[in-house]
Amino acid sequence: MKKTFFKKIFTASIISLFFIQMLYLAVEPTVANALDAVDTGGVLVTLNVTAGITISNGSNITMTPHIDLTHDRAIGTATWTVSTNNYAGYDLTVLSSTIPALKQGAVDEFIDYTEVVAGTPELWADPAVGAKEFGFSAFGTDVPAKYYVTTPADCGNTSTGITNTNSKYEGFSGVAQNIATKATITPYTGIATTLCVAAHENQVFAKSGTYTATITATATTK
Amino acid sequence: MKNIYIKKILTSSVIALFFIQALFFLVEPTIVGAVVSATSSPNTVFSLIVDPGISITSPANVTMPSLTVAVNSSVTNGATYWTVKTNNTAGYNLKVHADAAPALRQGVIDNFADYTTVKTAWVPGSTITDGTKAFGFSGYGTDVTVNGTWGAGSSCGTATVPLNTLLFSGFNNTTDITLASKATVTPYAGIDTHICFVAEQRGIYATSGAYTTTITATATTI
C-alpha cells in the first residue's frame, strides 16, 4: 500500500516536471538556445535610476494694485517648476503658514475664501458686505480641471485686481492642498504651475499696512 | 555518507532561504514605497499693501436764521456736516478753522466777536456779556465727543436756542480746532460730523446786512 502511494507520487512528479520544462523552453527560447551553446559567459548589468524631484525657488511677491480708498481688490502670481523622473509622477501642494493666510500681524486680516461647497473651487464671488477675503487658484499643464473653466492665460488684471473669469478659487485651509498632479515623469525642463492669489474687501476698509501670506509649495513623488 | 551530505545541503539551503526571505520582507517596503519630496525654498511670501487714504465731503453753504430787532440769537439746524472716510489704522482728526478773526464779518461794517475758546454751554441772554455780539460753534456726531469736550447731543437745538448739552467755542482765526477724532479706520460709509453755528446779539444791534465767514474743515490721518 505504502509502496503504491510513493509510486503514484513519483509518477505525478515526473509528469509535472516534464510539463514545467516544456513550458519553460517554450517561453524562454534564449535560455533554450543557450542550452545548445558549448560555452557561455554571461554578465548581469544593473543600472539603478533613483527617483528624484526638484522644485524651483520661491520668491517674494507684492500683490497689485495696492488696496486703498478707491481699490478694493488685488491679485498676485507665483510660478513653480517641478522636475521629476519618478515613473509614477508627482503631486504639488501648497500650504499657508497661518490661518487665515493673509494677515497684518495682530492688526487686521483677510479671512480665507469661503466656497459655497467646501473644498470645491468656484468662480470668484464678492465677499459678503463688510467682509474681506483671500483665496487662490492655479493654472498649468498639470493643474486639475477643478481650478478653471478653460485654462486661463493669467491671473487677471493687475491694474484693477479683478480675477481672470476662467479661474476658480478656494481658500487656504491650513492643510496642504494639491494644485498639480501628474502620473508619469516630467519633461527634462519640468512643468510650470502658476498659483494665483486674490484679496478683496467689500464695503469695508482693511486697516492700512502690509499684509503677508507665507505659502510653502512642496512637490512629492507618488 | 552520501545521504548525510545531501541532508546537510538541504538543511543549509532551507536556512539560507529563510534568511533571504526575511531580508526581502525587511527591505521590500522601502524599495516599493520610496517617496521623495522637494520643498520650494525660500517660501513664497505674498504681500498685500493697503495704502492709507482719507476723504472728506464738501457741504453746501449754509444761511443762518436771521437776527432782527426782536430775535437776538440764531442757531443753525445741524444740516451742515462732513463725512470722513479713512482706512488709516491709526484713524483721523477733523479740524476746523475760520478765514479771519473775528470769523463772522460784514466787510468792514460790523462783525461778531469770536466766542471764547474755552468750551462752555451757550445760554442766550446770559452767557455773553451784555452789549456784545458773539459767534461760535459746536458739533455732534459719533466721533465728536473727544474726551467730552464738546458735550453731547444729536442736534443743534432750536433756531434760537442752542442745545444746552452742547459746549461751544469761538474760532481762533486760522488756527485749527479739533472737532472730531477717531483712533482707527472708519466704516466704509464714513463718519458724519455735524457742526452747529450760533450767533447772538445781546443788548446791542448788529448792523443790518449779510455777515459771512468761510470755515475750512480738514481731515488728516493720524
# chains A, B, ... in the order shown; residues from 1 in each chain; ligands from 1
>>> closest_atom_pairs(of="chain A", to="chain B", cutoff="6 Å", atoms="only C-alpha atoms", output="tab-separated table")
residue	atom	partner	partner_atom	distance
A:Thr54	CA	B:Ala38	CA	5.6
A:Ile55	CA	B:Ser40	CA	5.6
A:Ser56	CA	B:Ser40	CA	6.0
A:Asn57	CA	B:Ser40	CA	5.1
A:Gly58	CA	B:Thr44	CA	4.6
A:Ser59	CA	B:Thr44	CA	4.8
A:Asn60	CA	B:Val45	CA	4.8
A:Ile61	CA	B:Phe46	CA	4.9
A:Thr62	CA	B:Ser47	CA	4.6
A:Met63	CA	B:Leu48	CA	5.2
A:His66	CA	B:Ile49	CA	5.2
A:Ile67	CA	B:Val50	CA	4.6
A:Asp68	CA	B:Asp51	CA	5.1
A:Leu69	CA	B:Gly53	CA	5.9
A:Gln203	CA	B:Tyr188	CA	5.3
A:Val204	CA	B:Tyr188	CA	4.7
A:Phe205	CA	B:Asn87	CA	5.2
A:Lys207	CA	B:Thr89	CA	4.8
A:Ser208	CA	B:Val50	CA	4.7
A:Gly209	CA	B:Val50	CA	5.2
A:Thr210	CA	B:Ile49	CA	4.6
A:Tyr211	CA	B:Leu48	CA	5.0
A:Thr212	CA	B:Ser47	CA	4.5
A:Ala213	CA	B:Phe46	CA	5.1
A:Thr214	CA	B:Val45	CA	4.4
A:Ile215	CA	B:Thr44	CA	5.2
A:Thr216	CA	B:Asn43	CA	5.1
A:Ala217	CA	B:Ser40	CA	5.4
A:Thr218	CA	B:Thr39	CA	4.2
A:Ala219	CA	B:Ala38	CA	5.2
A:Thr220	CA	B:Ser37	CA	4.0
A:Thr221	CA	B:Val36	CA	5.5
>>> write_last_selection(atoms="C-alpha atoms", output="PDB file, in the first residue's frame")
ATOM      1  CA  THR A  54      13.107  69.235  -7.739  1.00  0.00           C
ATOM      2  CA  ILE A  55      11.111  72.407  -7.442  1.00  0.00           C
ATOM      3  CA  SER A  56      12.156  75.929  -8.290  1.00  0.00           C
ATOM      4  CA  ASN A  57      12.769  78.576  -5.660  1.00  0.00           C
ATOM      5  CA  GLY A  58      10.074  80.622  -4.033  1.00  0.00           C
ATOM      6  CA  SER A  59      10.145  84.392  -4.012  1.00  0.00           C
ATOM      7  CA  ASN A  60       8.501  87.440  -2.515  1.00  0.00           C
ATOM      8  CA  ILE A  61       5.586  88.824  -4.452  1.00  0.00           C
ATOM      9  CA  THR A  62       3.677  92.045  -3.930  1.00  0.00           C
ATOM     10  CA  MET A  63       0.070  91.885  -4.977  1.00  0.00           C
ATOM     11  CA  HIS A  66      -2.319  98.339  -3.671  1.00  0.00           C
ATOM     12  CA  ILE A  67      -5.637  98.460  -1.897  1.00  0.00           C
ATOM     13  CA  ASP A  68      -6.700 101.958  -0.870  1.00  0.00           C
ATOM     14  CA  LEU A  69      -9.876 104.021  -0.702  1.00  0.00           C
ATOM     15  CA  GLN A 203     -17.590  97.842   1.611  1.00  0.00           C
ATOM     16  CA  VAL A 204     -15.183  97.691   4.490  1.00  0.00           C
ATOM     17  CA  PHE A 205     -11.767  99.190   4.949  1.00  0.00           C
ATOM     18  CA  LYS A 207      -6.574  98.705   8.047  1.00  0.00           C
ATOM     19  CA  SER A 208      -3.674 100.307   6.235  1.00  0.00           C
ATOM     20  CA  GLY A 209      -0.354  98.499   6.346  1.00  0.00           C
ATOM     21  CA  THR A 210       1.282  95.416   4.879  1.00  0.00           C
ATOM     22  CA  TYR A 211      -0.429  92.062   4.981  1.00  0.00           C
ATOM     23  CA  THR A 212       1.551  88.894   4.260  1.00  0.00           C
ATOM     24  CA  ALA A 213       0.771  85.284   3.456  1.00  0.00           C
ATOM     25  CA  THR A 214       3.590  82.746   3.574  1.00  0.00           C
ATOM     26  CA  ILE A 215       2.959  79.881   1.207  1.00  0.00           C
ATOM     27  CA  THR A 216       5.006  76.690   1.135  1.00  0.00           C
ATOM     28  CA  ALA A 217       4.996  74.726  -2.109  1.00  0.00           C
ATOM     29  CA  THR A 218       6.016  71.086  -1.874  1.00  0.00           C
ATOM     30  CA  ALA A 219       6.499  68.655  -4.740  1.00  0.00           C
ATOM     31  CA  THR A 220       6.316  64.984  -3.825  1.00  0.00           C
ATOM     32  CA  THR A 221       6.804  61.852  -5.868  1.00  0.00           C
TER      33      THR A 221
END
>>> residues_around(residues="Thr150 (chain A)", least_positions_apart="6", cutoff="10 Å", atoms="only C-alpha atoms", output="ChimeraX atom specification")
/A:139,165-168
>>> write_last_selection(atoms="C-alpha atoms", output="mmCIF file, in the first residue's frame")
data_model
loop_
_atom_site.group_PDB
_atom_site.id
_atom_site.type_symbol
_atom_site.label_atom_id
_atom_site.label_comp_id
_atom_site.auth_asym_id
_atom_site.auth_seq_id
_atom_site.Cartn_x
_atom_site.Cartn_y
_atom_site.Cartn_z
ATOM 1 C CA PHE A 139 -3.282 77.008 -13.803
ATOM 2 C CA THR A 165 -13.044 84.947 -15.285
ATOM 3 C CA ASN A 166 -11.808 81.460 -16.169
ATOM 4 C CA SER A 167 -10.177 80.830 -12.803
ATOM 5 C CA LYS A 168 -11.863 79.067 -9.938
#
>>> residues_around(residues="Ala103 (chain B)", least_positions_apart="5", cutoff="10 Å", atoms="only C-alpha atoms", output="JSON, numbers by chain")
{"B": [97, 98, 111, 112, 113, 114, 115, 134, 135, 136, 170, 171, 172, 173, 174, 211, 212, 213, 214, 215]}
>>> select_by_dssp(residues="region 16-219 of chain B", states="strand (DSSP E)", output="PyMOL selection string")
chain B and resi 37-39+44-50+54-56+73-75+81-86+92-97+104-106+110-114+132-141+177-182+191-202+216-219
>>> residues_around(residues="Thr84 (chain A)", least_positions_apart="3", cutoff="6 Å", atoms="only C-alpha atoms", output="PyMOL selection string")
chain A and resi 52-53+185-186
>>> residues_around(residues="Pro127 (chain A)", least_positions_apart="5", cutoff="12 Å", atoms="only C-alpha atoms", output="list in words")
Asp72, Arg73, Phe110, Ile111, Asp112, Tyr113, Thr114, Glu115, Val116, Lys132, Glu133, Phe134, Gly135, Ala198, Ala199, His200, Glu201, Asn202, Gln203 and Val204 of chain A
>>> write_last_selection(atoms="N, CA and C atoms", output="PDB file, in the first residue's frame")
ATOM      1  N   ASP A  72     -10.414  98.089  -4.135  1.00  0.00           N
ATOM      2  CA  ASP A  72     -10.837  97.173  -3.077  1.00  0.00           C
ATOM      3  C   ASP A  72     -10.404  95.731  -3.338  1.00  0.00           C
ATOM      4  N   ARG A  73      -9.545  95.521  -4.331  1.00  0.00           N
ATOM      5  CA  ARG A  73      -9.089  94.152  -4.587  1.00  0.00           C
ATOM      6  C   ARG A  73      -7.708  94.154  -5.203  1.00  0.00           C
ATOM      7  N   PHE A 110      -7.423  89.177   6.401  1.00  0.00           N
ATOM      8  CA  PHE A 110      -8.429  88.781   5.415  1.00  0.00           C
ATOM      9  C   PHE A 110      -8.772  87.319   5.723  1.00  0.00           C
ATOM     10  N   ILE A 111     -10.029  87.000   5.811  1.00  0.00           N
ATOM     11  CA  ILE A 111     -10.376  85.608   6.081  1.00  0.00           C
ATOM     12  C   ILE A 111     -10.111  84.782   4.828  1.00  0.00           C
ATOM     13  N   ASP A 112      -9.909  83.489   5.007  1.00  0.00           N
ATOM     14  CA  ASP A 112      -9.704  82.616   3.857  1.00  0.00           C
ATOM     15  C   ASP A 112     -11.016  82.500   3.073  1.00  0.00           C
ATOM     16  N   TYR A 113     -10.877  82.529   1.766  1.00  0.00           N
ATOM     17  CA  TYR A 113     -12.052  82.495   0.883  1.00  0.00           C
ATOM     18  C   TYR A 113     -12.957  81.321   1.259  1.00  0.00           C
ATOM     19  N   THR A 114     -14.230  81.595   1.283  1.00  0.00           N
ATOM     20  CA  THR A 114     -15.199  80.563   1.657  1.00  0.00           C
ATOM     21  C   THR A 114     -15.959  80.102   0.423  1.00  0.00           C
ATOM     22  N   GLU A 115     -15.817  78.836   0.078  1.00  0.00           N
ATOM     23  CA  GLU A 115     -16.527  78.289  -1.075  1.00  0.00           C
ATOM     24  C   GLU A 115     -17.970  77.949  -0.694  1.00  0.00           C
ATOM     25  N   VAL A 116     -18.840  77.970  -1.691  1.00  0.00           N
ATOM     26  CA  VAL A 116     -20.227  77.559  -1.452  1.00  0.00           C
ATOM     27  C   VAL A 116     -20.244  76.098  -1.023  1.00  0.00           C
ATOM     28  N   LYS A 132     -13.731  90.712   4.206  1.00  0.00           N
ATOM     29  CA  LYS A 132     -12.506  90.752   3.411  1.00  0.00           C
ATOM     30  C   LYS A 132     -12.036  89.311   3.249  1.00  0.00           C
ATOM     31  N   GLU A 133     -11.752  88.910   2.010  1.00  0.00           N
ATOM     32  CA  GLU A 133     -11.378  87.511   1.780  1.00  0.00           C
ATOM     33  C   GLU A 133     -10.123  87.387   0.925  1.00  0.00           C
ATOM     34  N   PHE A 134      -9.448  86.239   1.095  1.00  0.00           N
ATOM     35  CA  PHE A 134      -8.203  85.948   0.375  1.00  0.00           C
ATOM     36  C   PHE A 134      -8.261  84.492  -0.072  1.00  0.00           C
ATOM     37  N   GLY A 135      -8.041  84.255  -1.364  1.00  0.00           N
ATOM     38  CA  GLY A 135      -8.112  82.888  -1.863  1.00  0.00           C
ATOM     39  C   GLY A 135      -7.099  82.630  -2.949  1.00  0.00           C
ATOM     40  N   ALA A 198      -5.814  86.079  -4.660  1.00  0.00           N
ATOM     41  CA  ALA A 198      -6.662  87.270  -4.788  1.00  0.00           C
ATOM     42  C   ALA A 198      -7.150  87.701  -3.419  1.00  0.00           C
ATOM     43  N   ALA A 199      -7.200  89.017  -3.223  1.00  0.00           N
ATOM     44  CA  ALA A 199      -7.738  89.598  -1.987  1.00  0.00           C
ATOM     45  C   ALA A 199      -8.811  90.599  -2.376  1.00  0.00           C
ATOM     46  N   HIS A 200      -9.860  90.660  -1.574  1.00  0.00           N
ATOM     47  CA  HIS A 200     -10.996  91.516  -1.932  1.00  0.00           C
ATOM     48  C   HIS A 200     -11.705  91.960  -0.649  1.00  0.00           C
ATOM     49  N   GLU A 201     -11.897  93.255  -0.521  1.00  0.00           N
ATOM     50  CA  GLU A 201     -12.689  93.782   0.596  1.00  0.00           C
ATOM     51  C   GLU A 201     -13.973  94.342   0.013  1.00  0.00           C
ATOM     52  N   ASN A 202     -15.077  94.101   0.676  1.00  0.00           N
ATOM     53  CA  ASN A 202     -16.358  94.560   0.154  1.00  0.00           C
ATOM     54  C   ASN A 202     -17.029  95.511   1.138  1.00  0.00           C
ATOM     55  N   GLN A 203     -16.966  96.793   0.803  1.00  0.00           N
ATOM     56  CA  GLN A 203     -17.590  97.842   1.611  1.00  0.00           C
ATOM     57  C   GLN A 203     -17.112  97.813   3.061  1.00  0.00           C
ATOM     58  N   VAL A 204     -15.831  97.608   3.188  1.00  0.00           N
ATOM     59  CA  VAL A 204     -15.183  97.691   4.490  1.00  0.00           C
ATOM     60  C   VAL A 204     -13.736  98.082   4.215  1.00  0.00           C
TER      61      VAL A 204
END
>>> closest_residue(among="A:Gly140, A:Trp124, A:Gly171, A:Val49", to="Ser96 (chain A)", atoms="only C-alpha atoms")
A:Gly171
>>> residues_around(residues="Gly125 (chain B)", least_positions_apart="2", cutoff="7 Å", atoms="only C-alpha atoms", output="ChimeraX atom specification")
/B:123,127,202
>>> write_last_selection(atoms="N, CA and C atoms", output="PDB file, in the first residue's frame")
ATOM      1  N   VAL B 123     -25.981 129.949  26.694  1.00  0.00           N
ATOM      2  CA  VAL B 123     -27.359 130.277  27.081  1.00  0.00           C
ATOM      3  C   VAL B 123     -27.669 131.681  26.592  1.00  0.00           C
ATOM      4  N   THR B 127     -25.036 134.200  28.679  1.00  0.00           N
ATOM      5  CA  THR B 127     -23.642 133.743  28.621  1.00  0.00           C
ATOM      6  C   THR B 127     -22.702 134.840  28.144  1.00  0.00           C
ATOM      7  N   ARG B 202     -26.536 140.753  22.163  1.00  0.00           N
ATOM      8  CA  ARG B 202     -27.160 140.918  23.489  1.00  0.00           C
ATOM      9  C   ARG B 202     -27.059 142.386  23.893  1.00  0.00           C
TER      10      ARG B 202
END
>>> residues_around(residues="Pro162 (chain B)", least_positions_apart="4", cutoff="10 Å", atoms="only C-alpha atoms", output="VMD selection string")
chain B and resid 73 to 77 121 to 124 137 to 138 155 to 158 166 to 168 196 to 199
>>> closest_residue(among="A:Gln177, A:Thr151, A:Ala106, A:Asn85", to="Asn164 (chain A)", atoms="only C-alpha atoms")
A:Thr151
>>> atom_distance(atom1="CA of Thr181 (chain A)", atom2="CA of Asp142 (chain A)")
5.4 Å
>>> atom_distance(atom1="CA of Thr83 (chain B)", atom2="CA of Gly141 (chain B)")
10.3 Å
>>> decode(residues="region 79-117 of chain B", atoms="N, CA and C atoms", output="PDB file, in the first residue's frame")
ATOM      1  N   ALA B  79     -27.687 120.758   9.678  1.00  0.00           N
ATOM      2  CA  ALA B  79     -27.676 120.110   8.374  1.00  0.00           C
ATOM      3  C   ALA B  79     -26.316 120.203   7.685  1.00  0.00           C
ATOM      4  N   THR B  80     -25.449 120.990   8.272  1.00  0.00           N
ATOM      5  CA  THR B  80     -24.095 121.081   7.707  1.00  0.00           C
ATOM      6  C   THR B  80     -23.205 120.043   8.375  1.00  0.00           C
ATOM      7  N   TYR B  81     -22.708 119.129   7.556  1.00  0.00           N
ATOM      8  CA  TYR B  81     -21.837 118.087   8.125  1.00  0.00           C
ATOM      9  C   TYR B  81     -20.820 117.637   7.094  1.00  0.00           C
ATOM     10  N   TRP B  82     -19.763 117.059   7.619  1.00  0.00           N
ATOM     11  CA  TRP B  82     -18.729 116.474   6.768  1.00  0.00           C
ATOM     12  C   TRP B  82     -18.704 114.965   7.005  1.00  0.00           C
ATOM     13  N   THR B  83     -18.503 114.242   5.928  1.00  0.00           N
ATOM     14  CA  THR B  83     -18.343 112.788   6.046  1.00  0.00           C
ATOM     15  C   THR B  83     -16.881 112.444   5.771  1.00  0.00           C
ATOM     16  N   VAL B  84     -16.273 111.820   6.744  1.00  0.00           N
ATOM     17  CA  VAL B  84     -14.862 111.441   6.608  1.00  0.00           C
ATOM     18  C   VAL B  84     -14.757 109.920   6.473  1.00  0.00           C
ATOM     19  N   LYS B  85     -13.971 109.510   5.493  1.00  0.00           N
ATOM     20  CA  LYS B  85     -13.683 108.083   5.317  1.00  0.00           C
ATOM     21  C   LYS B  85     -12.180 107.896   5.368  1.00  0.00           C
ATOM     22  N   THR B  86     -11.762 106.910   6.112  1.00  0.00           N
ATOM     23  CA  THR B  86     -10.324 106.583   6.095  1.00  0.00           C
ATOM     24  C   THR B  86     -10.121 105.103   6.420  1.00  0.00           C
ATOM     25  N   ASN B  87      -9.086 104.558   5.803  1.00  0.00           N
ATOM     26  CA  ASN B  87      -8.683 103.181   6.118  1.00  0.00           C
ATOM     27  C   ASN B  87      -7.408 103.200   6.966  1.00  0.00           C
ATOM     28  N   ASN B  88      -7.069 104.388   7.455  1.00  0.00           N
ATOM     29  CA  ASN B  88      -5.828 104.510   8.214  1.00  0.00           C
ATOM     30  C   ASN B  88      -5.933 103.787   9.554  1.00  0.00           C
ATOM     31  N   THR B  89      -4.977 102.938   9.796  1.00  0.00           N
ATOM     32  CA  THR B  89      -5.019 102.122  11.011  1.00  0.00           C
ATOM     33  C   THR B  89      -5.135 102.971  12.266  1.00  0.00           C
ATOM     34  N   ALA B  90      -4.448 104.093  12.278  1.00  0.00           N
ATOM     35  CA  ALA B  90      -4.435 104.933  13.485  1.00  0.00           C
ATOM     36  C   ALA B  90      -5.559 105.969  13.483  1.00  0.00           C
ATOM     37  N   GLY B  91      -6.395 105.975  12.451  1.00  0.00           N
ATOM     38  CA  GLY B  91      -7.548 106.856  12.457  1.00  0.00           C
ATOM     39  C   GLY B  91      -7.294 108.241  11.870  1.00  0.00           C
ATOM     40  N   TYR B  92      -8.084 109.208  12.348  1.00  0.00           N
ATOM     41  CA  TYR B  92      -8.042 110.546  11.735  1.00  0.00           C
ATOM     42  C   TYR B  92      -8.399 111.635  12.737  1.00  0.00           C
ATOM     43  N   ASN B  93      -8.110 112.861  12.327  1.00  0.00           N
ATOM     44  CA  ASN B  93      -8.563 114.053  13.041  1.00  0.00           C
ATOM     45  C   ASN B  93      -9.333 114.926  12.056  1.00  0.00           C
ATOM     46  N   LEU B  94     -10.383 115.543  12.528  1.00  0.00           N
ATOM     47  CA  LEU B  94     -11.111 116.522  11.723  1.00  0.00           C
ATOM     48  C   LEU B  94     -11.019 117.861  12.440  1.00  0.00           C
ATOM     49  N   LYS B  95     -10.424 118.803  11.766  1.00  0.00           N
ATOM     50  CA  LYS B  95     -10.207 120.111  12.388  1.00  0.00           C
ATOM     51  C   LYS B  95     -10.861 121.200  11.550  1.00  0.00           C
ATOM     52  N   VAL B  96     -11.257 122.281  12.221  1.00  0.00           N
ATOM     53  CA  VAL B  96     -11.889 123.397  11.514  1.00  0.00           C
ATOM     54  C   VAL B  96     -11.189 124.702  11.880  1.00  0.00           C
ATOM     55  N   HIS B  97     -11.223 125.629  10.944  1.00  0.00           N
ATOM     56  CA  HIS B  97     -10.710 126.963  11.238  1.00  0.00           C
ATOM     57  C   HIS B  97     -11.459 127.983  10.389  1.00  0.00           C
ATOM     58  N   ALA B  98     -11.399 129.206  10.826  1.00  0.00           N
ATOM     59  CA  ALA B  98     -12.048 130.298  10.091  1.00  0.00           C
ATOM     60  C   ALA B  98     -11.030 130.937   9.148  1.00  0.00           C
ATOM     61  N   ASP B  99     -11.507 131.875   8.363  1.00  0.00           N
ATOM     62  CA  ASP B  99     -10.609 132.517   7.394  1.00  0.00           C
ATOM     63  C   ASP B  99     -10.021 133.816   7.951  1.00  0.00           C
ATOM     64  N   ALA B 100     -10.549 134.261   9.093  1.00  0.00           N
ATOM     65  CA  ALA B 100     -10.028 135.519   9.658  1.00  0.00           C
ATOM     66  C   ALA B 100     -10.517 135.638  11.096  1.00  0.00           C
ATOM     67  N   ALA B 101     -10.073 136.640  11.754  1.00  0.00           N
ATOM     68  CA  ALA B 101     -10.552 136.932  13.101  1.00  0.00           C
ATOM     69  C   ALA B 101     -11.011 138.390  13.155  1.00  0.00           C
ATOM     70  N   PRO B 102     -12.182 138.652  13.645  1.00  0.00           N
ATOM     71  CA  PRO B 102     -13.172 137.639  14.016  1.00  0.00           C
ATOM     72  C   PRO B 102     -13.715 136.943  12.785  1.00  0.00           C
ATOM     73  N   ALA B 103     -14.344 135.804  13.003  1.00  0.00           N
ATOM     74  CA  ALA B 103     -14.765 134.995  11.870  1.00  0.00           C
ATOM     75  C   ALA B 103     -15.925 135.608  11.112  1.00  0.00           C
ATOM     76  N   LEU B 104     -16.963 136.050  11.854  1.00  0.00           N
ATOM     77  CA  LEU B 104     -18.198 136.463  11.186  1.00  0.00           C
ATOM     78  C   LEU B 104     -18.213 137.983  10.997  1.00  0.00           C
ATOM     79  N   ARG B 105     -18.161 138.393   9.743  1.00  0.00           N
ATOM     80  CA  ARG B 105     -17.981 139.818   9.451  1.00  0.00           C
ATOM     81  C   ARG B 105     -18.926 140.261   8.333  1.00  0.00           C
ATOM     82  N   GLN B 106     -19.236 141.565   8.386  1.00  0.00           N
ATOM     83  CA  GLN B 106     -19.929 142.192   7.260  1.00  0.00           C
ATOM     84  C   GLN B 106     -18.920 143.194   6.687  1.00  0.00           C
ATOM     85  N   GLY B 107     -17.968 142.688   5.975  1.00  0.00           N
ATOM     86  CA  GLY B 107     -16.881 143.525   5.475  1.00  0.00           C
ATOM     87  C   GLY B 107     -16.252 144.296   6.621  1.00  0.00           C
ATOM     88  N   VAL B 108     -16.128 145.608   6.390  1.00  0.00           N
ATOM     89  CA  VAL B 108     -15.551 146.438   7.462  1.00  0.00           C
ATOM     90  C   VAL B 108     -16.645 147.125   8.260  1.00  0.00           C
ATOM     91  N   ILE B 109     -17.896 146.802   7.926  1.00  0.00           N
ATOM     92  CA  ILE B 109     -19.025 147.492   8.546  1.00  0.00           C
ATOM     93  C   ILE B 109     -19.237 147.054   9.987  1.00  0.00           C
ATOM     94  N   ASP B 110     -19.270 145.772  10.163  1.00  0.00           N
ATOM     95  CA  ASP B 110     -19.574 145.274  11.510  1.00  0.00           C
ATOM     96  C   ASP B 110     -19.116 143.816  11.607  1.00  0.00           C
ATOM     97  N   ASN B 111     -19.075 143.305  12.812  1.00  0.00           N
ATOM     98  CA  ASN B 111     -18.706 141.890  12.971  1.00  0.00           C
ATOM     99  C   ASN B 111     -19.195 141.375  14.315  1.00  0.00           C
ATOM    100  N   PHE B 112     -19.118 140.046  14.467  1.00  0.00           N
ATOM    101  CA  PHE B 112     -19.423 139.385  15.736  1.00  0.00           C
ATOM    102  C   PHE B 112     -18.095 138.898  16.319  1.00  0.00           C
ATOM    103  N   ALA B 113     -17.876 139.194  17.542  1.00  0.00           N
ATOM    104  CA  ALA B 113     -16.631 138.720  18.168  1.00  0.00           C
ATOM    105  C   ALA B 113     -16.649 137.192  18.254  1.00  0.00           C
ATOM    106  N   ASP B 114     -15.479 136.623  18.235  1.00  0.00           N
ATOM    107  CA  ASP B 114     -15.407 135.166  18.401  1.00  0.00           C
ATOM    108  C   ASP B 114     -15.709 134.802  19.851  1.00  0.00           C
ATOM    109  N   TYR B 115     -16.558 133.804  20.024  1.00  0.00           N
ATOM    110  CA  TYR B 115     -16.908 133.291  21.347  1.00  0.00           C
ATOM    111  C   TYR B 115     -15.645 132.749  22.001  1.00  0.00           C
ATOM    112  N   THR B 116     -15.642 132.669  23.290  1.00  0.00           N
ATOM    113  CA  THR B 116     -14.451 132.159  23.984  1.00  0.00           C
ATOM    114  C   THR B 116     -14.067 130.768  23.479  1.00  0.00           C
ATOM    115  N   THR B 117     -12.799 130.499  23.458  1.00  0.00           N
ATOM    116  CA  THR B 117     -12.352 129.170  23.037  1.00  0.00           C
ATOM    117  C   THR B 117     -12.363 128.164  24.184  1.00  0.00           C
TER     118      THR B 117
END
